[in-house]
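What follows is the content of entry-v9.cif (mmCIF, C-alpha atoms and all ligand atoms).
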```
data_structure
#
loop_
_atom_site.label_atom_id
_atom_site.label_comp_id
_atom_site.auth_asym_id
_atom_site.auth_seq_id
_atom_site.Cartn_x
_atom_site.Cartn_y
_atom_site.Cartn_z
CA MET A 1 113.25 93.49 93.39
CA SER A 2 113.69 96.93 94.96
CA ALA A 3 116.39 99.28 93.67
CA ILE A 4 119.84 98.80 95.21
CA TYR A 5 121.16 102.14 93.88
CA ASP A 6 119.27 105.25 92.97
CA ARG A 7 121.34 106.22 89.93
CA VAL A 8 123.98 104.08 88.16
CA ALA A 9 126.37 105.65 85.63
CA LEU A 10 128.00 103.40 83.03
CA ILE A 11 131.14 104.80 81.40
CA GLY A 12 131.95 102.90 78.18
CA LEU A 13 128.97 101.26 76.49
CA GLY A 14 130.25 97.92 75.22
CA LEU A 15 129.57 94.27 75.97
CA ILE A 16 129.97 94.49 79.75
CA ALA A 17 128.29 97.86 80.41
CA GLY A 18 125.55 96.93 77.92
CA SER A 19 124.91 93.66 79.72
CA MET A 20 124.83 95.51 83.04
CA ALA A 21 122.35 98.02 81.64
CA HIS A 22 120.02 95.22 80.52
CA ALA A 23 120.35 93.27 83.79
CA ILE A 24 119.89 96.33 86.02
CA ARG A 25 116.91 97.66 84.09
CA GLU A 26 115.20 94.26 83.74
CA GLY A 27 115.67 93.60 87.45
CA GLY A 28 114.67 97.11 88.60
CA LEU A 29 117.99 97.29 90.45
CA ALA A 30 118.38 101.07 90.02
CA ARG A 31 115.97 103.92 89.62
CA GLU A 32 117.94 105.26 86.65
CA VAL A 33 120.79 104.01 84.44
CA VAL A 34 122.78 106.74 82.70
CA GLY A 35 125.33 105.92 80.00
CA TYR A 36 128.29 107.60 78.33
CA ALA A 37 130.81 106.41 75.75
CA ARG A 38 133.59 108.39 74.13
CA SER A 39 132.51 107.89 70.54
CA ALA A 40 129.46 109.76 69.25
CA GLU A 41 128.62 106.76 67.07
CA THR A 42 128.47 104.44 70.10
CA ARG A 43 126.27 106.91 71.98
CA GLU A 44 123.99 107.14 68.95
CA THR A 45 123.67 103.35 68.72
CA ALA A 46 123.00 103.15 72.46
CA ARG A 47 120.18 105.70 72.07
CA GLU A 48 118.78 103.84 69.08
CA ILE A 49 118.52 100.55 70.99
CA ASN A 50 117.32 102.27 74.21
CA LEU A 51 120.22 100.75 76.16
CA CYS A 52 119.94 103.13 79.15
CA ASP A 53 117.36 105.48 80.60
CA ARG A 54 119.57 108.38 79.45
CA ILE A 55 122.65 108.62 77.22
CA VAL A 56 124.62 111.80 77.84
CA ASP A 57 127.42 113.52 75.94
CA SER A 58 130.05 113.83 78.66
CA ALA A 59 131.44 111.65 81.44
CA ALA A 60 130.98 114.57 83.88
CA GLU A 61 127.26 114.71 83.15
CA ALA A 62 126.96 110.92 83.46
CA VAL A 63 128.46 110.73 86.96
CA ALA A 64 126.69 113.82 88.36
CA ASP A 65 124.49 112.62 91.20
CA ALA A 66 125.25 108.94 90.51
CA ASP A 67 125.46 106.59 93.52
CA LEU A 68 127.39 103.98 91.55
CA VAL A 69 129.82 104.71 88.71
CA VAL A 70 131.02 101.76 86.62
CA LEU A 71 134.20 102.15 84.57
CA ALA A 72 133.70 99.72 81.67
CA VAL A 73 136.38 100.88 79.25
CA PRO A 74 139.56 99.08 78.11
CA VAL A 75 142.10 98.73 80.93
CA GLY A 76 144.47 101.23 79.30
CA ALA A 77 141.76 103.94 79.30
CA MET A 78 140.84 103.66 83.01
CA ALA A 79 143.27 106.33 84.29
CA ALA A 80 142.12 109.02 81.84
CA VAL A 81 138.46 108.30 82.56
CA ALA A 82 139.07 108.40 86.34
CA ALA A 83 140.84 111.76 86.04
CA ASP A 84 138.00 113.08 83.89
CA ILE A 85 135.16 112.11 86.28
CA ALA A 86 136.92 112.73 89.62
CA PRO A 87 135.84 116.38 90.14
CA HIS A 88 132.21 115.55 89.34
CA LEU A 89 131.62 112.56 91.64
CA LYS A 90 128.88 112.83 94.26
CA PRO A 91 130.20 112.60 97.85
CA GLY A 92 129.58 109.10 99.24
CA ALA A 93 129.32 107.52 95.77
CA THR A 94 130.94 104.20 94.89
CA VAL A 95 133.23 103.81 91.87
CA THR A 96 133.85 100.33 90.51
CA ASP A 97 135.47 99.01 87.35
CA VAL A 98 135.10 95.78 85.37
CA GLY A 99 138.65 95.59 83.98
CA SER A 100 140.21 92.19 83.28
CA VAL A 101 143.37 93.18 85.20
CA LYS A 102 143.21 94.51 88.74
CA GLN A 103 146.54 95.73 90.16
CA SER A 104 147.38 98.12 87.33
CA VAL A 105 143.80 99.46 87.28
CA ILE A 106 144.01 100.12 91.02
CA ASP A 107 147.38 101.86 90.55
CA ALA A 108 145.92 103.96 87.71
CA VAL A 109 142.54 104.83 89.22
CA ALA A 110 142.98 105.05 93.01
CA PRO A 111 145.12 108.23 92.97
CA HIS A 112 142.29 110.09 91.21
CA ILE A 113 139.53 109.02 93.64
CA PRO A 114 138.71 111.90 96.01
CA GLN A 115 138.24 111.49 99.77
CA GLY A 116 134.73 110.37 100.64
CA ILE A 117 134.29 108.26 97.47
CA HIS A 118 134.44 104.45 97.79
CA PHE A 119 136.53 102.64 95.17
CA VAL A 120 135.68 98.93 94.86
CA PRO A 121 137.50 97.31 91.90
CA GLY A 122 135.83 94.28 90.32
CA HIS A 123 135.92 91.82 87.44
CA PRO A 124 133.06 89.75 86.02
CA LEU A 125 134.41 86.42 84.73
CA ALA A 126 131.96 86.42 81.87
CA GLY A 127 132.18 87.57 78.30
CA THR A 128 131.92 86.71 74.66
CA GLU A 129 134.05 87.50 71.61
CA HIS A 130 131.62 90.31 70.70
CA SER A 131 131.98 93.95 71.66
CA GLY A 132 130.13 97.24 71.40
CA PRO A 133 126.73 98.46 72.62
CA ARG A 134 124.71 95.88 70.66
CA ALA A 135 126.64 92.95 72.15
CA GLY A 136 125.19 93.11 75.69
CA PHE A 137 122.52 90.80 77.09
CA ALA A 138 120.92 90.56 80.54
CA SER A 139 121.86 86.95 81.33
CA LEU A 140 125.62 87.33 80.66
CA PHE A 141 126.53 87.24 84.36
CA ARG A 142 124.11 84.53 85.44
CA ASN A 143 125.89 81.83 87.45
CA ARG A 144 129.31 83.32 86.65
CA TRP A 145 131.91 84.59 89.11
CA TRP A 146 132.32 88.31 89.73
CA LEU A 147 135.49 88.94 91.71
CA LEU A 148 135.87 92.02 93.89
CA THR A 149 139.32 93.20 94.97
CA PRO A 150 138.61 95.94 97.55
CA LEU A 151 141.50 97.81 99.13
CA PRO A 152 142.09 97.14 102.85
CA ASP A 153 140.63 100.50 103.94
CA THR A 154 137.50 100.38 101.77
CA ASP A 155 134.20 100.92 103.60
CA PRO A 156 132.69 97.42 104.06
CA ALA A 157 129.16 98.80 103.59
CA ALA A 158 130.08 100.02 100.07
CA VAL A 159 131.52 96.59 99.22
CA ASP A 160 128.40 94.85 100.55
CA ARG A 161 126.09 97.07 98.53
CA LEU A 162 127.99 96.40 95.30
CA THR A 163 127.99 92.69 96.18
CA ASP A 164 124.18 92.87 96.45
CA LEU A 165 123.95 94.40 92.97
CA VAL A 166 126.28 91.83 91.42
CA ARG A 167 124.34 88.97 93.02
CA ALA A 168 121.03 90.48 91.91
CA MET A 169 122.38 90.35 88.34
CA GLY A 170 122.79 86.58 88.83
CA ALA A 171 126.54 86.37 89.51
CA LYS A 172 128.42 84.60 92.30
CA THR A 173 130.91 86.80 94.14
CA ASP A 174 134.23 86.28 95.81
CA ARG A 175 136.89 88.65 97.15
CA MET A 176 140.55 88.42 96.25
CA GLU A 177 143.88 90.21 96.55
CA PRO A 178 144.50 92.15 93.29
CA ALA A 179 147.93 90.60 92.57
CA HIS A 180 146.57 87.10 93.18
CA HIS A 181 143.64 87.88 90.88
CA ASP A 182 146.09 88.85 88.14
CA LEU A 183 148.05 85.61 88.51
CA VAL A 184 144.91 83.45 88.53
CA LEU A 185 143.50 85.23 85.48
CA ALA A 186 146.85 84.94 83.67
CA VAL A 187 146.39 81.16 83.94
CA THR A 188 142.66 80.89 83.30
CA SER A 189 142.09 83.64 80.73
CA HIS A 190 145.04 85.72 79.57
CA ALA A 191 147.55 83.01 78.57
CA PRO A 192 144.80 80.85 76.97
CA HIS A 193 143.73 83.84 74.87
CA LEU A 194 147.32 84.44 73.76
CA ILE A 195 147.66 80.77 72.82
CA ALA A 196 144.42 80.95 70.80
CA PHE A 197 145.57 84.14 69.03
CA THR A 198 148.87 82.41 68.21
CA MET A 199 147.30 79.17 66.98
CA VAL A 200 144.97 81.04 64.64
CA GLY A 201 147.99 83.03 63.42
CA VAL A 202 149.83 79.76 62.71
CA ALA A 203 146.83 78.43 60.79
CA ASP A 204 146.69 81.64 58.80
CA HIS A 205 150.33 81.19 57.72
CA LEU A 206 149.57 77.57 56.82
CA ARG A 207 146.47 78.48 54.86
CA ARG A 208 148.70 79.73 52.10
CA VAL A 209 150.46 76.37 52.04
CA THR A 210 147.37 74.15 52.33
CA ASP A 211 145.26 76.17 49.94
CA GLU A 212 142.35 77.02 52.31
CA GLU A 213 142.00 73.45 53.68
CA VAL A 214 142.60 74.58 57.26
CA VAL A 215 139.59 76.84 56.92
CA GLN A 216 137.33 74.41 55.09
CA TYR A 217 137.98 71.47 57.41
CA SER A 218 138.20 73.39 60.72
CA ALA A 219 137.65 70.84 63.48
CA ALA A 220 135.72 71.82 66.60
CA GLY A 221 138.83 72.45 68.71
CA PHE A 222 140.24 74.91 66.19
CA ARG A 223 136.84 76.58 65.76
CA ASP A 224 136.82 77.29 69.52
CA PHE A 225 140.24 78.91 69.10
CA THR A 226 138.96 81.09 66.27
CA ARG A 227 136.02 82.26 68.41
CA ILE A 228 138.41 83.40 71.13
CA ALA A 229 140.77 84.93 68.55
CA ALA A 230 137.91 87.11 67.28
CA SER A 231 137.88 89.05 70.59
CA ASP A 232 138.43 92.80 70.68
CA PRO A 233 142.05 93.76 69.79
CA THR A 234 142.09 96.93 71.95
CA MET A 235 140.85 95.11 75.04
CA TRP A 236 143.40 92.31 74.67
CA ARG A 237 146.33 94.57 73.81
CA ASP A 238 145.63 96.41 77.07
CA VAL A 239 145.27 93.18 79.09
CA PHE A 240 148.72 91.97 78.07
CA LEU A 241 150.38 95.37 78.51
CA HIS A 242 148.89 95.69 82.02
CA ASN A 243 149.30 92.13 83.26
CA LYS A 244 152.77 91.73 81.84
CA ASP A 245 154.63 89.96 84.66
CA ALA A 246 151.99 87.35 85.50
CA THR A 247 151.33 86.58 81.83
CA LEU A 248 155.04 86.21 81.07
CA ASP A 249 155.44 83.96 84.14
CA ILE A 250 152.62 81.66 83.00
CA LEU A 251 153.78 81.65 79.38
CA GLY A 252 157.25 80.64 80.60
CA ARG A 253 155.74 77.68 82.47
CA PHE A 254 153.58 76.85 79.44
CA THR A 255 156.61 76.81 77.14
CA GLU A 256 158.48 74.46 79.49
CA GLU A 257 155.53 72.01 79.53
CA LEU A 258 155.19 72.28 75.77
CA PHE A 259 158.83 71.29 75.35
CA VAL A 260 158.28 68.27 77.62
CA LEU A 261 155.40 67.07 75.45
CA GLN A 262 157.26 67.92 72.25
CA ARG A 263 160.18 65.78 73.42
CA ALA A 264 157.84 62.90 74.38
CA ILE A 265 156.39 62.96 70.86
CA ARG A 266 159.84 63.04 69.26
CA MET A 267 161.07 60.17 71.49
CA GLY A 268 157.89 58.14 70.89
CA ASP A 269 157.24 58.13 74.66
CA GLY A 270 153.57 57.10 74.55
CA GLN A 271 153.44 56.40 78.29
CA GLN A 272 154.43 59.96 79.14
CA LEU A 273 151.82 61.39 76.77
CA PHE A 274 149.14 59.01 78.11
CA ASP A 275 149.93 59.88 81.73
CA TYR A 276 149.90 63.60 81.01
CA PHE A 277 146.55 63.50 79.21
CA THR A 278 145.09 61.28 81.97
CA ARG A 279 146.04 63.97 84.49
CA THR A 280 144.54 66.81 82.45
CA ARG A 281 141.34 64.81 81.88
CA ALA A 282 140.99 64.33 85.63
CA ILE A 283 141.30 68.10 86.13
CA ARG A 284 138.47 68.77 83.69
CA ARG A 285 136.29 66.05 85.28
CA GLY A 286 136.99 67.52 88.72
CA ILE A 287 135.75 70.93 87.52
CA ILE A 288 132.54 69.38 86.13
CA GLU A 289 131.93 67.30 89.29
CA ALA A 290 132.37 70.39 91.46
CA GLY A 291 129.69 72.09 89.35
CA GLN A 292 132.25 74.69 88.28
CA ASP A 293 132.11 74.16 84.52
CA THR A 294 130.92 77.72 83.90
CA ALA A 295 133.40 79.23 86.33
CA ALA A 296 137.10 79.56 86.99
CA PRO A 297 139.10 76.63 88.41
CA ASP A 298 140.02 76.30 92.09
CA PHE A 299 141.71 79.60 92.94
CA GLY A 300 143.62 78.14 95.86
CA ARG A 301 145.48 75.64 93.69
CA ILE A 302 147.73 78.08 91.87
CA ALA A 303 151.06 78.61 93.55
CA PRO A 304 152.46 82.15 93.60
CA ALA A 305 155.07 82.96 90.96
CA GLY A 306 158.68 82.05 91.67
N1 LIG A 401 134.80 91.23 76.75
C1 LIG A 401 134.97 90.43 77.78
O1 LIG A 401 134.93 89.21 77.63
C2 LIG A 401 135.24 91.03 79.13
C3 LIG A 401 134.93 90.26 80.26
C4 LIG A 401 135.17 90.82 81.53
C5 LIG A 401 135.73 92.08 81.65
N2 LIG A 401 136.05 92.79 80.51
C6 LIG A 401 136.64 94.12 80.71
O2 LIG A 401 135.58 95.05 80.63
C7 LIG A 401 136.03 96.28 80.04
C8 LIG A 401 135.13 96.61 78.85
O3 LIG A 401 135.18 95.54 77.95
P1 LIG A 401 134.01 95.29 76.88
O4 LIG A 401 134.17 93.91 76.40
O5 LIG A 401 132.71 95.76 77.38
O6 LIG A 401 134.54 96.27 75.73
P2 LIG A 401 133.82 96.88 74.47
O7 LIG A 401 134.88 97.09 73.45
O8 LIG A 401 132.60 96.12 74.10
O9 LIG A 401 133.37 98.30 75.03
C9 LIG A 401 134.25 99.28 75.48
C10 LIG A 401 133.54 100.60 75.43
O10 LIG A 401 134.38 101.60 75.99
C11 LIG A 401 134.32 102.75 75.18
N3 LIG A 401 135.53 103.52 75.43
C12 LIG A 401 136.81 103.23 75.07
N4 LIG A 401 137.65 104.17 75.54
C13 LIG A 401 136.88 105.08 76.20
C14 LIG A 401 137.14 106.26 76.90
N5 LIG A 401 138.39 106.73 77.02
N6 LIG A 401 136.09 106.94 77.47
C15 LIG A 401 134.84 106.49 77.37
N7 LIG A 401 134.52 105.36 76.71
C16 LIG A 401 135.53 104.67 76.12
C17 LIG A 401 134.16 102.25 73.78
O11 LIG A 401 133.59 103.21 72.95
C18 LIG A 401 133.20 101.07 74.03
O12 LIG A 401 131.88 101.54 74.02
C19 LIG A 401 137.50 96.08 79.69
O13 LIG A 401 138.29 96.65 80.68
C20 LIG A 401 137.65 94.56 79.68
O14 LIG A 401 138.97 94.18 80.05
C21 LIG A 401 135.78 92.31 79.28
O1 LIG A 402 133.96 83.66 76.94
C1 LIG A 402 134.73 84.45 76.44
O2 LIG A 402 134.64 84.81 75.27
C2 LIG A 402 135.77 85.07 77.26
O3 LIG A 402 136.86 85.10 76.81
C3 LIG A 402 135.45 85.65 78.57
C4 LIG A 402 136.61 85.95 79.48
C5 LIG A 402 137.36 84.64 79.79
O4 LIG A 402 138.54 84.52 79.53
O5 LIG A 402 136.69 83.75 80.32
C6 LIG A 402 137.51 86.94 78.86
C7 LIG A 402 138.03 87.99 79.53
C8 LIG A 402 137.53 88.39 80.80
O6 LIG A 402 138.19 89.31 81.48
C9 LIG A 402 136.61 87.51 81.42
C10 LIG A 402 136.06 86.48 80.74
#
```
Since I need it in another form, could you write the structure as structure tokens?
Amino acid sequence: MSAIYDRVALIGLGLIAGSMAHAIREGGLAREVVGYARSAETRETAREINLCDRIVDSAAEAVADADLVVLAVPVGAMAAVAADIAPHLKPGATVTDVGSVKQSVIDAVAPHIPQGIHFVPGHPLAGTEHSGPRAGFASLFRNRWWLLTPLPDTDPAAVDRLTDLVRAMGAKTDRMEPAHHDLVLAVTSHAPHLIAFTMVGVADHLRRVTDEEVVQYSAAGFRDFTRIAASDPTMWRDVFLHNKDATLDILGRFTEELFVLQRAIRMGDGQQLFDYFTRTRAIRRGIIEAGQDTAAPDFGRIAPAG
């Protein structure tokens, strides 16, 4: 495939930027991929594994002459990085981010973006529990959603060009309002992660009571929880701090449902439990039938908060 951008700069060299570097270089989607991360150790590892065409020692150097700049740092670090690179951006360049939360990233980054630079926020719905420069792999985005949340006045040509890159990396794209994105992701990703973190915490307390049995006899369901609970603490701290309202809304709804089921168990109401589980099974089967088992559920189905 021919190059979609001349030079791409990746700021932050972890799972997502690393996977982008592999996918872009394998696909010949840019003439050059330049990388920068804050820690010298990360930059050294990135050089060792030949992650990018060039690894440089400052964000300013990375973005100089870049046509696309990707902010791939934890959500809480986006503002500082944007402020740092702003004076060095090439006129006409596009800046995107891959943060798991959109509205607060837009609020933090947009004020730093100079006139003549296109800011197109985005979020790949793909990941693993691993982080750092060694965690990336080229096929991470294949057949996964990559949501773009452009601002109303963003140049459509810049959005289309980024869409081309994302599709060339194997992802499916959709566009969404940032606040709606944050509500949808609170349901499909953020609250489920918090529940997994909590469940593993509960098991850890119990371990002392059951003398390691919860570890030894981990059933598959719990093992899935522990995989999720192994995700990066900095990333997830920032997600919850920056998607506070939507996450609290969904957790409130979750707690209400949990009480309903808890009461059904206490009252021995088998019919209610059966009906509930029949409904949830149908939802899962609907996702599989729609060929969406690697993607997020139907975005239109989630009612706004309130
Ligand atoms: N991990 C996932 O499943 C996943 C999926 C989709 C989106 N995201 C989002 O992508 C972003 C990156 O996540 P990741 O999983 O690649 O993280 P990661 O921990 O693997 O990598 C983050 C990188 O950013 C660097 N970094 C941190 N602060 C920095 C700063 N101030 N300046 C420069 N570099 C800095 C770190 O050194 C590290 O190399 C986050 O915003 C996250 O919310 C993550
Ligand atoms: O598969 C995983 O390990 C993930 O948690 C990936 C996952 C998700 O919840 O689906 C996590 C956070 C992101 O922002 C996007 C994707």
Counting only C-alpha atoms and all ligand atoms, what are the residues of chain A within 10 Å of ligand LIG 402 (chain A), and for each of them which pair of atoms is the nearest and at what distance in Å, to one decimal? Sort the table by chain and rising number, as a tab-separated table.
```
residue	atom	partner	partner_atom	distance
A:Ile16	CA	A:LIG402	C8	9.8
A:Val98	CA	A:LIG402	O6	8.2
A:Gly99	CA	A:LIG402	O6	6.8
A:Ser100	CA	A:LIG402	O6	4.0
A:Val101	CA	A:LIG402	O6	7.5
A:His123	CA	A:LIG402	O6	6.9
A:Pro124	CA	A:LIG402	C9	6.2
A:Leu125	CA	A:LIG402	C9	4.1
A:Ala126	CA	A:LIG402	C10	4.3
A:Gly127	CA	A:LIG402	C3	3.8
A:Thr128	CA	A:LIG402	O2	3.4
A:Glu129	CA	A:LIG402	O2	4.6
A:His130	CA	A:LIG402	O2	7.8
A:Leu140	CA	A:LIG402	O1	9.8
A:Arg144	CA	A:LIG402	C10	9.5
A:Trp145	CA	A:LIG402	C9	9.5
A:Trp146	CA	A:LIG402	C9	9.4
A:Leu185	CA	A:LIG402	O4	7.8
A:Ala186	CA	A:LIG402	O4	9.3
A:Val187	CA	A:LIG402	O4	9.6
A:Thr188	CA	A:LIG402	O4	6.7
A:Ser189	CA	A:LIG402	O4	3.8
A:His190	CA	A:LIG402	O4	6.6
A:Ala191	CA	A:LIG402	O4	9.2
A:Pro192	CA	A:LIG402	O4	7.7
A:His193	CA	A:LIG402	O4	7.0
A:Asp224	CA	A:LIG402	O2	9.7
A:Arg227	CA	A:LIG402	O2	7.4
A:Ile228	CA	A:LIG402	O2	5.8
A:Ala229	CA	A:LIG402	O2	9.1
A:Ala230	CA	A:LIG402	O2	8.9
A:Ser231	CA	A:LIG402	O2	7.1
A:Asp232	CA	A:LIG402	O2	10.0
A:Met235	CA	A:LIG402	C7	8.9
A:Trp236	CA	A:LIG402	C7	8.4
A:Val239	CA	A:LIG402	O6	8.4
A:Thr294	CA	A:LIG402	O5	9.1
A:Ala295	CA	A:LIG402	O5	8.2
A:Ala296	CA	A:LIG402	O5	7.9
```
Q | Residue neighbourhood segment 21-24 of chain A, 8 Å, only C-alpha atoms, exclusion window fewer than 2 positions, as a list of chain:residue names | A | A:Leu10, A:Ala17, A:Gly18, A:Ser19, A:Glu26, A:Gly27, A:Gly28, A:Leu29, A:Ala30, A:Val33, A:Leu51, A:Cys52, A:Gly136, A:Phe137, A:Ala138, A:Ser139, A:Met169
(Q) Can you measure atom CA of Gly291 of chain A to atom CA of Thr149 of chain A for me? One decimal in Å is fine. (A) 23.9 Å
Q | Which residue of A:Leu13, A:Ile287, A:Ala179, A:Ala66 approaches Arg134 of chain A most closely, using only C-alpha atoms | A |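 Selected residue with least distance to Arg134 of chain A: A:Leu13.
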Q) Using only C-alpha atoms and all ligand atoms, which of A:Pro233, A:Gly201, A:Pro114, A:Pro156 sits nearest ligand LIG 401 (chain A)? A)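 Using only C-alpha atoms and all ligand atoms, ligand LIG 401 (chain A) sits closest to A:Pro233.
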Taking all atoms of ligand LIG 401 (chain A) that the file lists and extending 8 Å past them on each side, where is the centre of the axis-aligned box and how long are its edges? Answer in Å to one decimal, as lines of an AutoDock Vina configuration file.
```
center_x = 135.4
center_y = 98.1
center_z = 77.3
size_x = 23.1
size_y = 33.7
size_z = 24.7
```
**Q.** Among listed residues A:Ala80, A:Val34, A:Ala220, A:Ile85, nearest ligand LIG 401 (chain A) (using all atoms listed in the file)
**A.**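 Using all atoms listed in the file, the shortest distance to ligand LIG 401 (chain A) belongs to A:Ala80.
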Q: Using all atoms listed in the file, pick whichever of A:Arg38, A:Thr280, A:Met78, A:Val8 has the shortest atom-to-atom distance to Asp53 of chain A.
A: A:Val8
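Minimum atom-to-atom distance to ligand LIG 401 (chain A), evaluated using all atoms listed in the file, belongs to A:Pro133 out of A:Gly35, A:Pro87, A:Pro133, A:Gly268.
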Q. Nearest to Ala168 of chain A among A:Ala3, A:Asp249, A:Asp182, A:Phe225, with distances taken over only C-alpha atoms: which residue is it?
A.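 Answer, going by the shortest atom-to-atom distance: A:Ala3.
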Q: Take the point (123.7, 110.7, 75.2) in the file's coordinates, draw a sphere of radius 7 Å around it, and report as a PyMOL selection string every protein, DNA or RNA residue with an atom inside or on it, counting only C-alpha atoms.
A: chain A and resi 35-36+43+47+54-57
Once you have the residues from the selection above, write them out as a PDB file, in the coordinates of the input, restricted to C-alpha atoms.
```pdb
ATOM      1  CA  GLY A  35     125.330 105.920  80.000  1.00  0.00           C
ATOM      2  CA  TYR A  36     128.290 107.600  78.330  1.00  0.00           C
ATOM      3  CA  ARG A  43     126.270 106.910  71.980  1.00  0.00           C
ATOM      4  CA  ARG A  47     120.180 105.700  72.070  1.00  0.00           C
ATOM      5  CA  ARG A  54     119.570 108.380  79.450  1.00  0.00           C
ATOM      6  CA  ILE A  55     122.650 108.620  77.220  1.00  0.00           C
ATOM      7  CA  VAL A  56     124.620 111.800  77.840  1.00  0.00           C
ATOM      8  CA  ASP A  57     127.420 113.520  75.940  1.00  0.00           C
TER       9      ASP A  57
END
```
